[in-house]
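Below: the structure, in structure tokens.
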Amino acid sequence: MRRGHVKWIPILIAGLILAWQYFSSDKFVNPETGKKSHVGMSTQQEAALGFQTYRQVLSEARTIDSGPEVHAVKTVASRLAKATGQGGQGYEWEVSLIDDQQVNAFCLPGGKIVVYTGILPVAQNDAALATVMGHEMAHATSRHGAQRVLQQNLTQTAMLGVAVSLSDMDYGKQRAVMGALGAGAQFGILMPFGRKHESEADEIGLMYMARAGYDPQESLRFWQRMDQAGRAGPPEFLSTHPAHGTRIQQLQALMPKAIEEYKRARGQ
Ligand SMILES: [Zn+2]
């Protein structure tokens with residue numbers, strides 16, 4: 001066989017495996033948006049993994065167990081949990097406050113939430129806390145982690161197929177092609193996927209906070225404060241989250257609907 005030849009059989013096989021992985025995966029309909037997606041894990045697997053990670057994080061951290069800050073975080077979490085409705089069905093919501101200067105918070109699949117004290121001075125009030133926690137809880141109820149697992153599995157299958165198909169090519173060329181494809185997958189598939197999830201978490205999180213009776217307009221002020229905090233130093237949160245301007249624009253577009261939800265929650 002001529003050196004540098006690309007073999008097509010491995011590509012074909014990878015394509016078939018890919019199709020099988022995709023079509024045999026569980027489907028998920030987001031009750032908030034009606035959008036359908038495929039996931040790479042069951043809700044039970046997600047909850048087990050989330051719980052395990054939660055235990056791990058807590059075992060390595062210093063948690064705060066009482067005081068007004070814990071009370072605030074727990075109150076916001078329980079009001080938001082009720083607001084998740086069908087999306088949060090079967091979730092065992094729980095929140096821990098960790099004494100750590102990171103400006104960060106997250107919610108694991110299955111409903112375990114972690115808030116770092118570092119975010120409290122930026123949040124400043126319960127509505128802002130509801131903004132960030134609502135966003136994180138929306139990632140969990142939208143099963144973004146399980147969607148990403150499938151996406152990564154599919155990308156791996158594709159990359160493996162290409163790697164085998166190039167095995168006759170000289171090593172330098174192989175590395176160049178695989179490097180380009182890897183970057184292509186990162187920038188062309190996985191990152192847009194991440195951005196889509198961020199927008200979705202913003203949208204659903206905004207509805208959660210409004211439905212829980214927190215003024216959704218505080219979200220705009222909160223993200224502004226986060227942006228300023230980000231300029232002073234890099235908060236963990238912003239490195240994985242979208243640019244400030246885009247986020248504010250999207251939130252403003254959703255605001256009329258959120259204010260409706262807020263009024264309804266307040267009985268107005
Ligand atoms: Zn996010």
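Letters A, B, ... mark the chains of the structure tokens in the order given; residue numbers begin at 1 per chain; ligand numbers begin at 1, in order shown.
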How close does each residue of chain A get to ligand 1, giving the shortest atom pair and distance in Å to one decimal for every residue with an atom at most 6 Å away, counting only C-alpha atoms and all ligand atoms, sorted by chain and residue number, as a Markdown table?
| residue | atom | partner | partner_atom_place_in_ligand_line | distance |
| --- | --- | --- | --- | --- |
| A:Glu136 | CA | ligand 1 | 1 (Zn) | 5.9 |
| A:Glu198 | CA | ligand 1 | 1 (Zn) | 4.8 |
| A:His241 | CA | ligand 1 | 1 (Zn) | 5.7 |
Can I get the selected residues back with N, CA, C and O atoms, as a PDB file, in the first residue's frame?
ATOM      1  N   GLU A 136     -26.739  27.662  38.097  1.00  0.00           N
ATOM      2  CA  GLU A 136     -26.068  26.372  38.313  1.00  0.00           C
ATOM      3  C   GLU A 136     -27.076  25.229  38.414  1.00  0.00           C
ATOM      4  O   GLU A 136     -26.849  24.142  37.879  1.00  0.00           O
ATOM      5  N   GLU A 198     -24.537  27.405  28.374  1.00  0.00           N
ATOM      6  CA  GLU A 198     -24.487  28.592  29.236  1.00  0.00           C
ATOM      7  C   GLU A 198     -25.715  29.474  29.025  1.00  0.00           C
ATOM      8  O   GLU A 198     -26.329  29.936  29.982  1.00  0.00           O
ATOM      9  N   HIS A 241     -17.421  30.751  31.760  1.00  0.00           N
ATOM     10  CA  HIS A 241     -18.721  31.329  31.454  1.00  0.00           C
ATOM     11  C   HIS A 241     -18.636  32.431  30.403  1.00  0.00           C
ATOM     12  O   HIS A 241     -17.566  32.963  30.158  1.00  0.00           O
TER      13      HIS A 241
END
- prompt: Skipping near chain neighbours, those fewer than 4 positions away, what residues fall within 12 Å of Gly15 (chain A) using only C-alpha atoms, listed as a PyMOL selection string?
  reply: chain A and resi 8-11+19-22+154-162
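Between CA of Lys74 (chain A) and CA of Leu97 (chain A) the separation is 8.9 Å.
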statement: Of A:Met178, A:Leu129, A:Leu18, A:Ala140, the one nearest to Tyr116 (chain A) when counting only C-alpha atoms is A:Leu129
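Closest approach to Lys82 (chain A) among A:Pro216, A:Met137, A:Thr63, A:Ala14 is made by A:Met137 (distances from only C-alpha atoms).
Nearest to Gln186 (chain A) of all the residues A:Gln151, A:Gly230, A:Ser199, A:Val57 is A:Gln151, based on only C-alpha atoms.
If you measure from each of A:Ala83, A:Ala48, A:Leu220, A:Leu16 to Thr131 (chain A) using only C-alpha atoms, the closest one turns out to be A:Leu220.
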